[in-house]
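One file, protein_26.txt, is given below (compact mmCIF, C-alpha atoms).
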# COMPACT_ATOMS: atom_id res chain seq x y z
CA MET A 136 -213.61 -115.25 -143.48
CA ILE A 137 -209.96 -114.95 -142.58
CA ARG A 138 -209.12 -116.37 -145.94
CA LYS A 139 -211.07 -113.63 -147.66
CA ILE A 140 -209.34 -110.99 -145.63
CA LEU A 141 -205.90 -112.40 -146.50
CA LEU A 142 -206.78 -112.61 -150.16
CA SER A 143 -207.97 -109.03 -150.19
CA ILE A 144 -204.79 -107.86 -148.45
CA LEU A 145 -202.72 -109.76 -151.00
CA ALA A 146 -204.66 -108.21 -153.89
CA VAL A 147 -204.25 -104.73 -152.48
CA SER A 148 -200.48 -105.33 -152.01
CA LEU A 149 -200.09 -106.53 -155.58
CA ILE A 150 -201.95 -103.54 -156.92
CA PHE A 151 -199.81 -101.29 -154.76
CA ILE A 152 -196.59 -102.89 -155.99
CA PHE A 153 -197.78 -102.63 -159.59
CA LEU A 154 -198.54 -98.96 -159.16
CA LEU A 155 -195.18 -98.43 -157.48
CA GLU A 156 -193.30 -100.03 -160.36
CA PHE A 157 -195.27 -97.99 -162.80
CA PHE A 158 -194.38 -94.73 -161.11
CA ILE A 159 -190.73 -95.62 -160.55
CA PHE A 160 -189.74 -97.11 -163.89
CA TYR A 161 -192.13 -95.56 -166.32
CA ASN A 162 -192.97 -92.29 -164.82
CA LYS A 163 -189.69 -91.52 -163.10
CA GLY A 164 -191.68 -91.00 -160.01
CA ASP A 165 -189.21 -89.34 -157.82
CA PHE A 166 -191.92 -86.96 -156.89
CA PHE A 167 -193.85 -89.96 -155.48
CA ILE A 168 -191.16 -91.88 -153.57
CA PRO A 169 -188.06 -89.79 -153.59
CA PHE A 170 -185.69 -92.32 -151.95
CA LEU A 171 -186.48 -94.90 -154.65
CA ALA A 172 -186.23 -92.50 -157.51
CA ASN A 173 -184.28 -93.57 -160.51
CA LYS A 174 -181.04 -91.71 -160.15
CA LEU A 175 -179.49 -93.22 -163.25
CA THR A 176 -180.39 -90.44 -165.57
CA PRO A 177 -177.31 -89.18 -167.30
CA ILE A 178 -176.20 -85.79 -166.28
CA PRO A 179 -174.77 -84.01 -169.24
CA SER A 180 -171.11 -83.15 -168.63
CA PRO A 181 -169.80 -79.80 -169.62
CA LYS A 182 -168.33 -79.83 -173.10
CA PRO A 183 -164.65 -78.82 -173.33
CA THR A 184 -164.00 -75.63 -175.08
CA THR A 185 -160.80 -75.24 -177.09
CA LEU A 186 -158.69 -72.26 -176.33
CA THR A 187 -157.15 -70.51 -179.23
CA LEU A 188 -153.59 -69.52 -178.37
CA GLU A 189 -152.37 -66.32 -179.70
CA GLN A 190 -149.14 -66.68 -181.64
CA PHE A 191 -146.36 -64.92 -179.70
CA THR A 192 -144.60 -62.53 -181.96
CA SER A 193 -141.53 -60.73 -180.79
CA SER A 194 -140.44 -57.63 -182.46
CA PRO A 195 -136.81 -57.38 -183.48
CA SER A 196 -134.80 -54.82 -181.61
CA ALA A 197 -132.54 -52.20 -183.11
CA PHE A 198 -129.63 -54.66 -182.79
CA ALA A 199 -131.29 -57.51 -184.66
CA THR A 200 -129.30 -56.74 -187.79
CA ASP A 201 -126.19 -55.44 -186.05
CA GLU A 202 -123.08 -56.89 -187.71
CA GLY A 203 -121.32 -57.55 -184.42
CA VAL A 204 -124.33 -59.38 -182.97
CA LEU A 205 -124.81 -61.50 -186.08
CA LYS A 206 -121.10 -62.36 -186.12
CA ILE A 207 -121.24 -63.52 -182.51
CA GLN A 208 -124.38 -65.54 -183.23
CA LYS A 209 -122.74 -67.28 -186.18
CA GLU A 210 -119.60 -68.05 -184.18
CA LEU A 211 -121.67 -69.41 -181.32
CA ALA A 212 -123.45 -71.77 -183.72
CA THR A 213 -120.10 -73.02 -185.03
CA LEU A 214 -118.73 -73.42 -181.51
CA GLU A 215 -121.82 -75.34 -180.41
CA GLU A 216 -121.41 -77.72 -183.33
CA ASP A 217 -117.71 -78.21 -182.53
CA LEU A 218 -118.52 -78.92 -178.88
CA ASP A 219 -121.10 -81.53 -179.91
CA ASN A 220 -118.76 -83.21 -182.40
CA ILE A 221 -115.51 -83.16 -180.43
CA ASP A 222 -113.82 -86.57 -180.30
CA LEU A 223 -112.53 -87.18 -176.79
CA GLU A 224 -112.19 -90.94 -177.28
CA GLU A 225 -109.60 -91.24 -180.09
CA VAL A 226 -110.70 -94.80 -180.73
CA PRO A 227 -108.36 -95.40 -183.72
CA LEU A 228 -105.37 -94.60 -181.51
CA GLN A 229 -106.27 -96.90 -178.64
CA LEU A 230 -103.36 -99.09 -177.57
CA PRO A 231 -102.65 -102.06 -179.82
CA ILE A 232 -103.16 -105.41 -178.15
CA ILE A 233 -99.65 -106.76 -177.83
CA ASN A 234 -98.99 -110.19 -176.37
CA LEU A 235 -96.48 -110.15 -173.55
CA ASN A 236 -95.12 -112.93 -171.32
CA ILE A 237 -93.80 -114.94 -174.25
CA ALA A 238 -92.69 -118.31 -172.88
CA PHE A 239 -92.18 -121.93 -173.88
CA MET B 262 -69.15 -79.31 -225.08
CA ARG B 263 -69.84 -82.96 -224.40
CA LYS B 264 -68.64 -82.61 -220.83
CA ILE B 265 -70.86 -79.59 -220.28
CA ILE B 266 -73.92 -81.55 -221.51
CA ILE B 267 -73.06 -84.47 -219.18
CA ILE B 268 -72.67 -82.11 -216.21
CA ILE B 269 -75.98 -80.35 -216.94
CA PHE B 270 -77.75 -83.70 -217.39
CA SER B 271 -76.35 -85.05 -214.10
CA PHE B 272 -77.41 -81.89 -212.31
CA LEU B 273 -80.97 -82.22 -213.65
CA VAL B 274 -81.19 -85.89 -212.61
CA LEU B 275 -79.91 -85.14 -209.11
CA SER B 276 -82.25 -82.20 -208.58
CA PHE B 277 -85.23 -84.24 -209.78
CA SER B 278 -84.43 -87.11 -207.40
CA PHE B 279 -83.98 -84.66 -204.53
CA GLN B 280 -87.42 -83.21 -205.21
CA THR B 281 -88.94 -86.70 -205.35
CA VAL B 282 -87.45 -87.65 -201.97
CA PHE B 283 -88.50 -84.35 -200.44
CA SER B 284 -92.07 -84.65 -201.69
CA GLN B 285 -92.27 -88.25 -200.36
CA GLU B 286 -91.19 -86.99 -196.93
CA LYS B 287 -93.82 -84.25 -197.11
CA ASP B 288 -96.45 -86.89 -198.01
CA PHE B 289 -95.67 -88.87 -194.85
CA ASP B 290 -98.35 -87.42 -192.65
CA TYR B 291 -100.55 -88.85 -189.90
CA ASN B 292 -102.84 -90.70 -192.32
CA ARG B 293 -99.92 -92.41 -194.00
CA ALA B 294 -98.37 -93.28 -190.64
CA TYR B 295 -101.69 -94.70 -189.43
CA GLN B 296 -101.99 -96.86 -192.53
CA ASP B 297 -98.48 -98.22 -191.89
CA TYR B 298 -99.46 -99.00 -188.30
CA ALA B 299 -102.70 -100.74 -189.32
CA TYR B 300 -100.86 -102.83 -191.94
CA THR B 301 -98.10 -103.81 -189.50
CA TYR B 302 -100.68 -104.66 -186.84
CA ASN B 303 -102.36 -107.12 -189.20
CA GLN B 304 -98.99 -108.66 -190.00
CA TYR B 305 -98.28 -109.01 -186.29
CA ARG B 306 -101.60 -110.80 -185.65
CA ASP B 307 -100.81 -113.25 -188.46
CA SER B 308 -97.29 -113.87 -187.19
CA TYR B 309 -98.57 -114.37 -183.65
CA ASN B 310 -101.01 -117.04 -184.82
CA LYS B 311 -98.17 -118.82 -186.63
CA TYR B 312 -96.00 -118.57 -183.51
CA ASP B 313 -98.81 -120.02 -181.40
CA VAL B 314 -99.17 -123.02 -183.72
CA ALA B 315 -95.40 -123.58 -183.94
CA LYS B 316 -95.07 -123.34 -180.16
CA SER B 317 -97.86 -125.92 -179.62
CA GLN B 318 -96.24 -128.30 -182.10
CA TYR B 319 -92.84 -127.92 -180.48
CA LEU B 320 -94.23 -128.48 -176.98
CA THR B 321 -96.16 -131.52 -178.22
CA TYR B 322 -93.55 -133.28 -180.40
CA LYS B 323 -90.22 -131.86 -179.13
CA THR B 324 -88.49 -132.67 -182.46
CA LEU B 325 -85.62 -130.69 -183.92
CA THR B 326 -87.76 -129.63 -186.89
CA ALA B 327 -90.51 -128.41 -184.55
CA GLU B 328 -87.91 -126.50 -182.52
CA ASN B 329 -86.50 -124.82 -185.64
CA ASN B 330 -89.98 -123.90 -186.83
CA ALA B 331 -90.80 -122.50 -183.39
CA LEU B 332 -87.56 -120.50 -183.43
CA VAL B 333 -88.30 -118.99 -186.85
CA ALA B 334 -91.92 -118.24 -185.96
CA THR B 335 -90.95 -116.63 -182.63
CA LYS B 336 -88.27 -114.47 -184.30
CA GLU B 337 -90.77 -113.19 -186.85
CA MET B 338 -93.41 -112.57 -184.18
CA LEU B 339 -91.01 -110.60 -181.96
CA GLU B 340 -89.84 -108.49 -184.91
CA LYS B 341 -93.42 -107.71 -185.89
CA ARG B 342 -94.32 -106.94 -182.29
CA SER B 343 -91.63 -104.28 -182.03
CA GLU B 344 -92.60 -102.94 -185.47
CA VAL B 345 -96.23 -102.58 -184.37
CA LEU B 346 -95.20 -100.49 -181.41
CA ARG B 347 -92.77 -98.43 -183.49
CA THR B 348 -95.36 -97.60 -186.19
CA TYR B 349 -97.99 -96.92 -183.51
CA LEU B 350 -95.71 -94.46 -181.70
CA THR B 351 -94.89 -92.77 -185.01
CA ALA B 352 -98.57 -92.31 -185.80
CA LEU B 353 -99.18 -91.07 -182.26
CA ARG B 354 -96.38 -88.52 -182.56
CA LEU B 355 -97.77 -87.17 -185.83
CA LYS B 356 -101.27 -86.98 -184.34
CA LEU B 357 -99.87 -85.01 -181.41
CA ALA B 358 -98.20 -82.60 -183.84
CA VAL B 359 -101.48 -82.09 -185.73
CA SER B 360 -103.58 -81.65 -182.56
CA THR B 361 -101.35 -79.37 -180.55
CA GLN B 362 -99.84 -77.25 -183.36
CA ALA B 363 -98.65 -74.62 -180.90
CA ILE B 364 -95.38 -75.70 -179.29
CA GLY B 365 -95.74 -76.10 -175.54
CA TYR B 366 -93.53 -77.50 -172.83
CA GLN B 367 -95.63 -80.59 -172.31
CA ALA B 368 -95.88 -81.39 -176.05
CA ASN B 369 -92.10 -80.89 -176.46
CA ASN B 370 -91.44 -83.22 -173.56
CA LEU B 371 -93.66 -85.87 -175.11
CA TYR B 372 -91.96 -85.53 -178.51
CA LEU B 373 -88.61 -86.21 -176.86
CA GLN B 374 -89.92 -89.22 -174.98
CA LEU B 375 -91.66 -90.65 -178.04
CA ASP B 376 -88.54 -90.19 -180.15
CA SER B 377 -86.49 -91.94 -177.47
CA GLU B 378 -88.87 -94.92 -177.48
CA VAL B 379 -88.87 -95.12 -181.29
CA ASN B 380 -85.05 -95.05 -181.35
CA TRP B 381 -84.90 -97.84 -178.80
CA LEU B 382 -87.30 -99.91 -180.90
CA VAL B 383 -85.29 -99.29 -184.05
CA ASN B 384 -82.19 -100.62 -182.28
CA TYR B 385 -84.16 -103.52 -180.80
CA ARG B 386 -85.62 -104.55 -184.18
CA ASN B 387 -82.59 -106.62 -185.24
CA LEU B 388 -82.03 -108.38 -181.91
CA PRO B 389 -84.56 -111.22 -182.41
CA SER B 390 -83.09 -112.16 -185.81
CA SER B 391 -79.60 -112.49 -184.29
CA ALA B 392 -80.75 -115.01 -181.63
CA SER B 393 -79.94 -118.66 -182.37
CA THR B 394 -81.81 -120.42 -179.55
CA ILE B 395 -85.24 -120.14 -178.06
CA GLU B 396 -83.73 -119.19 -174.68
CA ASP B 397 -81.95 -116.21 -176.30
CA LEU B 398 -85.21 -115.20 -177.94
CA LEU B 399 -87.02 -115.30 -174.61
CA LYS B 400 -84.33 -113.08 -173.05
CA THR B 401 -84.72 -110.64 -175.95
CA SER B 402 -88.49 -110.71 -175.51
CA ALA B 403 -88.09 -110.03 -171.78
CA GLU B 404 -86.15 -106.82 -172.57
CA PHE B 405 -89.12 -105.55 -174.57
CA GLU B 406 -91.62 -106.60 -171.92
CA GLN B 407 -89.66 -104.89 -169.15
CA ARG B 408 -89.65 -101.59 -171.02
CA TYR B 409 -93.28 -101.72 -172.21
CA PRO B 410 -95.00 -100.53 -168.97
CA SER B 411 -93.09 -97.24 -169.01
CA THR B 412 -93.82 -96.91 -172.75
CA LYS B 413 -97.51 -97.29 -171.94
CA VAL B 414 -97.31 -94.33 -169.54
CA ILE B 415 -95.88 -92.15 -172.33
CA ILE B 416 -98.61 -93.38 -174.70
CA TYR B 417 -101.41 -92.52 -172.25
CA GLN B 418 -99.87 -89.13 -171.54
CA THR B 419 -99.69 -88.42 -175.27
CA LEU B 420 -103.28 -89.53 -175.85
CA GLY B 421 -104.34 -87.35 -172.93
CA GLU B 422 -102.46 -84.37 -174.36
CA ILE B 423 -104.10 -84.89 -177.77
CA ILE B 424 -107.66 -84.84 -176.41
CA LYS B 425 -106.85 -82.05 -173.93
CA SER B 426 -105.50 -79.83 -176.71
CA LYS B 427 -108.82 -80.20 -178.59
CA GLU B 428 -110.73 -79.14 -175.49
CA VAL B 429 -108.38 -76.23 -174.78
CA LYS B 430 -108.94 -74.83 -178.29
CA LEU B 431 -112.70 -74.81 -177.78
CA TYR B 432 -112.24 -73.28 -174.33
CA GLN B 433 -110.22 -70.43 -175.81
CA THR B 434 -112.87 -69.87 -178.49
CA THR B 435 -115.49 -69.72 -175.74
CA LEU B 436 -113.48 -67.12 -173.82
CA THR B 437 -113.16 -65.02 -176.99
CA LEU B 438 -116.92 -65.12 -177.53
CA ILE B 439 -117.59 -64.24 -173.89
CA SER B 440 -115.33 -61.23 -174.29
CA GLU B 441 -117.02 -60.14 -177.55
CA THR B 442 -120.47 -60.53 -175.98
CA GLU B 443 -119.39 -58.49 -172.98
CA GLU B 444 -118.20 -55.67 -175.26
CA LYS B 445 -121.49 -55.73 -177.12
CA ILE B 446 -123.46 -55.54 -173.87
CA HIS B 447 -121.40 -52.55 -172.74
CA GLU B 448 -122.05 -50.86 -176.06
CA ILE B 449 -125.82 -51.40 -175.76
CA LYS B 450 -125.82 -50.47 -172.07
CA LYS B 451 -124.64 -46.95 -172.89
CA GLY B 452 -127.96 -46.37 -174.63
CA ASP B 453 -130.27 -48.20 -172.21
CA SER B 454 -128.86 -49.67 -169.01
CA GLY B 455 -132.14 -51.22 -167.81
CA LYS B 456 -132.30 -54.23 -170.09
CA ALA B 457 -128.62 -55.06 -169.67
CA LEU B 458 -129.08 -56.27 -166.09
CA VAL B 459 -130.41 -59.69 -167.09
CA TRP B 460 -127.83 -60.04 -169.80
CA GLU B 461 -124.99 -59.29 -167.38
CA ARG B 462 -126.31 -61.91 -164.99
CA TRP B 463 -126.31 -64.49 -167.75
CA LEU B 464 -122.86 -63.36 -168.86
CA LEU B 465 -121.62 -63.94 -165.32
CA GLU B 466 -123.10 -67.45 -165.42
CA ALA B 467 -121.30 -68.09 -168.72
CA LYS B 468 -118.02 -66.92 -167.19
CA ASN B 469 -118.53 -69.17 -164.18
CA LYS B 470 -119.12 -72.14 -166.43
CA ALA B 471 -115.91 -71.33 -168.32
CA VAL B 472 -114.02 -71.22 -165.03
CA ARG B 473 -115.40 -74.64 -164.07
CA SER B 474 -114.31 -75.97 -167.46
CA SER B 475 -110.80 -74.64 -166.91
CA GLU B 476 -110.66 -76.32 -163.48
CA LYS B 477 -111.56 -79.65 -165.04
CA GLN B 478 -108.85 -79.22 -167.67
CA ASP B 479 -106.28 -78.48 -164.96
CA TYR B 480 -107.42 -81.54 -163.04
CA ALA B 481 -107.01 -83.70 -166.16
CA GLU B 482 -103.52 -82.27 -166.69
CA LYS B 483 -102.57 -83.05 -163.10
CA ILE B 484 -103.71 -86.67 -163.46
CA LEU B 485 -101.78 -87.13 -166.71
CA GLN B 486 -98.60 -85.75 -165.15
CA THR B 487 -98.75 -88.27 -162.31
CA LEU B 488 -99.44 -91.46 -164.26
CA ARG B 489 -97.53 -94.51 -163.04
CA PRO B 490 -96.68 -97.77 -164.87
CA GLY B 491 -99.19 -100.59 -164.55
CA ASP B 492 -102.98 -100.58 -164.50
CA GLU B 493 -102.87 -97.18 -162.78
CA ALA B 494 -101.79 -95.61 -166.07
CA ARG B 495 -104.91 -96.81 -167.86
CA ASP B 496 -107.22 -95.92 -164.97
CA GLY B 497 -105.59 -92.51 -164.65
CA PHE B 498 -106.06 -91.87 -168.37
CA TYR B 499 -109.77 -92.74 -168.11
CA GLN B 500 -110.13 -90.34 -165.16
CA ALA B 501 -108.47 -87.56 -167.15
CA GLN B 502 -110.68 -88.34 -170.13
CA PHE B 503 -113.80 -88.14 -167.94
CA ALA B 504 -112.67 -84.80 -166.51
CA LEU B 505 -112.28 -83.45 -170.05
CA LYS B 506 -115.79 -84.63 -170.92
CA GLU B 507 -117.08 -82.72 -167.89
CA SER B 508 -115.10 -79.69 -169.05
CA ASN B 509 -116.79 -79.97 -172.44
CA GLN B 510 -120.22 -80.06 -170.78
CA TYR B 511 -119.45 -76.85 -168.87
CA LEU B 512 -118.47 -75.16 -172.13
CA LYS B 513 -121.78 -76.21 -173.70
CA GLU B 514 -123.61 -74.63 -170.77
CA ALA B 515 -121.60 -71.43 -171.17
CA VAL B 516 -122.51 -71.34 -174.87
CA PHE B 517 -126.18 -71.81 -173.93
CA TYR B 518 -126.11 -68.63 -171.81
CA LEU B 519 -124.35 -66.68 -174.55
CA LYS B 520 -126.94 -67.78 -177.10
CA GLU B 521 -129.73 -66.63 -174.79
CA ILE B 522 -128.08 -63.23 -174.40
CA ILE B 523 -127.77 -62.81 -178.17
CA GLN B 524 -131.38 -63.89 -178.65
CA LYS B 525 -132.52 -61.33 -176.09
CA ILE B 526 -130.41 -58.62 -177.69
CA LYS B 527 -131.93 -59.36 -181.10
CA TYR B 528 -135.55 -59.72 -180.01
CA ASP B 529 -136.11 -57.59 -176.94
Transcribe the structure of this file into structure tokens.
Amino acid sequence: MIRKILLSILAVSLIFIFLLEFFIFYNKGDFFIPFLANKLTPIPSPKPTTLTLEQFTSSPSAFATDEGVLKIQKELATLEEDLDNIDLEEVPLQLPIINLNIAF
Amino acid sequence: MRKIIIIIFSFLVLSFSFQTVFSQEKDFDYNRAYQDYAYTYNQYRDSYNKYDVAKSQYLTYKTLTAENNALVATKEMLEKRSEVLRTYLTALRLKLAVSTQAIGYQANNLYLQLDSEVNWLVNYRNLPSSASTIEDLLKTSAEFEQRYPSTKVIIYQTLGEIIKSKEVKLYQTTLTLISETEEKIHEIKKGDSGKALVWERWLLEAKNKAVRSSEKQDYAEKILQTLRPGDEARDGFYQAQFALKESNQYLKEAVFYLKEIIQKIKYD
């Protein structure tokens, strides 16, 4: 008698577990047992949208073609080049290595 | 008639030779002087190696032949050593003339000192050949070695003056451009004073950078004036050189501000 009862309980448990698996893994049964719901469904991430930058265009002023301004600009370019290329080392004129303390 | 032809011919020959000598003197510039120095320096290195070998042989064998060979090798080495310094100072003097161009007190002073050293070396050149013993040669060598530290001070001061003169030229160009930019801003300001405010601020920054550059140049000058014989001369020269590099950096920053002003004037 007791054996029959145990067997029936076991059968009911197995059926219950089978049904549970079915609802969880095949039916996504979060409506059935919410705390065991499969939460591994991918959530689509927002897609990045590319911004199109507007090209900055400056308008030349009335002095853009002024002779004086252009002259200064040209001289500044020359000066900048001279400042970059200035030789403050004078390597060829470094002291010759002369041997002193000549003795026998 | 014959005498007249001879006189005219002699005159032509003399005038041609005069022109040849004169043009040769004109051709003796810094590049030529530097080539002489480089050639003499190589000769000195060779003669020093020969002296080194002869000295080792003499110290090892102590024979009369070894002593004579050592004497000859030492004479040649000492002559070449003084020639190296003479040709180097000549090249240095010509480089100073090319770099400074404008005659200043400091450059004049250096010319006199360099000429004095060259004259001393010209007189010294024949001393080693007149020595007949190694002891006499060593005494002659000691004269050169005693004078060399003070010569080094003059050399470092000249090198410092050469690089400083380059920096000063660029500084003066920068000041000219600052002045021209300022005039242009004033001209534009008459029409519209609003936009000139930013430009004037940047112009002030450029002027401040130029002032800083000038301070560094003065500091370099002060160091060069107070060089002393010994290792201090070399260290002092490096300090002056570093100060001039800082001065150059300040000028670059001043130019940056001026370029920004011009850019704003053109595209505002």
**Request:** When you get a sec, could you note down which chain B residues fall within 8 Å of chain A, using only C-alpha atoms, as a PyMOL selection string?
**Result:** chain B and resi 302+316+320+342+345-346+349+353+399+402-403+406+416+420+424+427-428+431+434-435+438+441-442+445+502+505-506+509+512-513+516+519-520+523+526-529
**Prompt:** Closest to B:Tyr518 among B:Ala471, B:Val314, B:Leu388, B:Leu357, using only C-alpha atoms?
**Reply:**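 Using only C-alpha atoms, B:Tyr518 sits closest to B:Ala471.
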Excluding B:Glu466 and any residue of its chain fewer than 5 positions from it, enumerate the residues within 12 Å of it, using all atoms listed in the file, and give them as a PDB file with C-alpha atoms, keeping the file's coordinate frame.
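Result saved to part00.pdb:
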ATOM      1  CA  ILE B 439    -117.590 -64.240-173.890  1.00  0.00           C
ATOM      2  CA  VAL B 459    -130.410 -59.690-167.090  1.00  0.00           C
ATOM      3  CA  TRP B 460    -127.830 -60.040-169.800  1.00  0.00           C
ATOM      4  CA  GLU B 461    -124.990 -59.290-167.380  1.00  0.00           C
ATOM      5  CA  ALA B 471    -115.910 -71.330-168.320  1.00  0.00           C
ATOM      6  CA  VAL B 472    -114.020 -71.220-165.030  1.00  0.00           C
ATOM      7  CA  ARG B 473    -115.400 -74.640-164.070  1.00  0.00           C
ATOM      8  CA  TYR B 511    -119.450 -76.850-168.870  1.00  0.00           C
ATOM      9  CA  LEU B 512    -118.470 -75.160-172.130  1.00  0.00           C
ATOM     10  CA  GLU B 514    -123.610 -74.630-170.770  1.00  0.00           C
ATOM     11  CA  ALA B 515    -121.600 -71.430-171.170  1.00  0.00           C
ATOM     12  CA  VAL B 516    -122.510 -71.340-174.870  1.00  0.00           C
ATOM     13  CA  PHE B 517    -126.180 -71.810-173.930  1.00  0.00           C
ATOM     14  CA  TYR B 518    -126.110 -68.630-171.810  1.00  0.00           C
ATOM     15  CA  LEU B 519    -124.350 -66.680-174.550  1.00  0.00           C
ATOM     16  CA  GLU B 521    -129.730 -66.630-174.790  1.00  0.00           C
ATOM     17  CA  ILE B 522    -128.080 -63.230-174.400  1.00  0.00           C
TER      18      ILE B 522
END
Write out as a compact mmCIF listing (two decimals) with C-alpha atoms, keeping the file's coordinate frame which residues come within 10 Å of B:Ser360 when counting only C-alpha atoms, dropping same-chain ones fewer than 6 positions away.
# COMPACT_ATOMS: atom_id res chain seq x y z
CA ARG B 354 -96.38 -88.52 -182.56
CA GLU B 422 -102.46 -84.37 -174.36
CA ILE B 423 -104.10 -84.89 -177.77
CA ILE B 424 -107.66 -84.84 -176.41
CA LYS B 425 -106.85 -82.05 -173.93
CA SER B 426 -105.50 -79.83 -176.71
CA LYS B 427 -108.82 -80.20 -178.59
CA LYS B 430 -108.94 -74.83 -178.29
**Using all atoms listed in the file: which of B:Ser317, B:Thr419, B:Ser391, B:Asn369 has the shortest distance to B:Ala352** =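 Result for the nearest residue to B:Ala352: B:Thr419.
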**Message:** Between atom CA of B:Thr412 and atom CA of B:Thr348, what is the distance in Å, rounded to a tenth?
**Reply:** 13.5 Å
**Request:** Provide the atom CA of B:Tyr305 to atom CA of B:Arg489 distance in Å, to one decimal place.
**Result:**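 If I compute the distance from atom CA of B:Tyr305 to atom CA of B:Arg489, I get 27.4 Å.
From atom CA of B:Thr351 back to atom CA of B:Met338, the distance works out to 19.9 Å.
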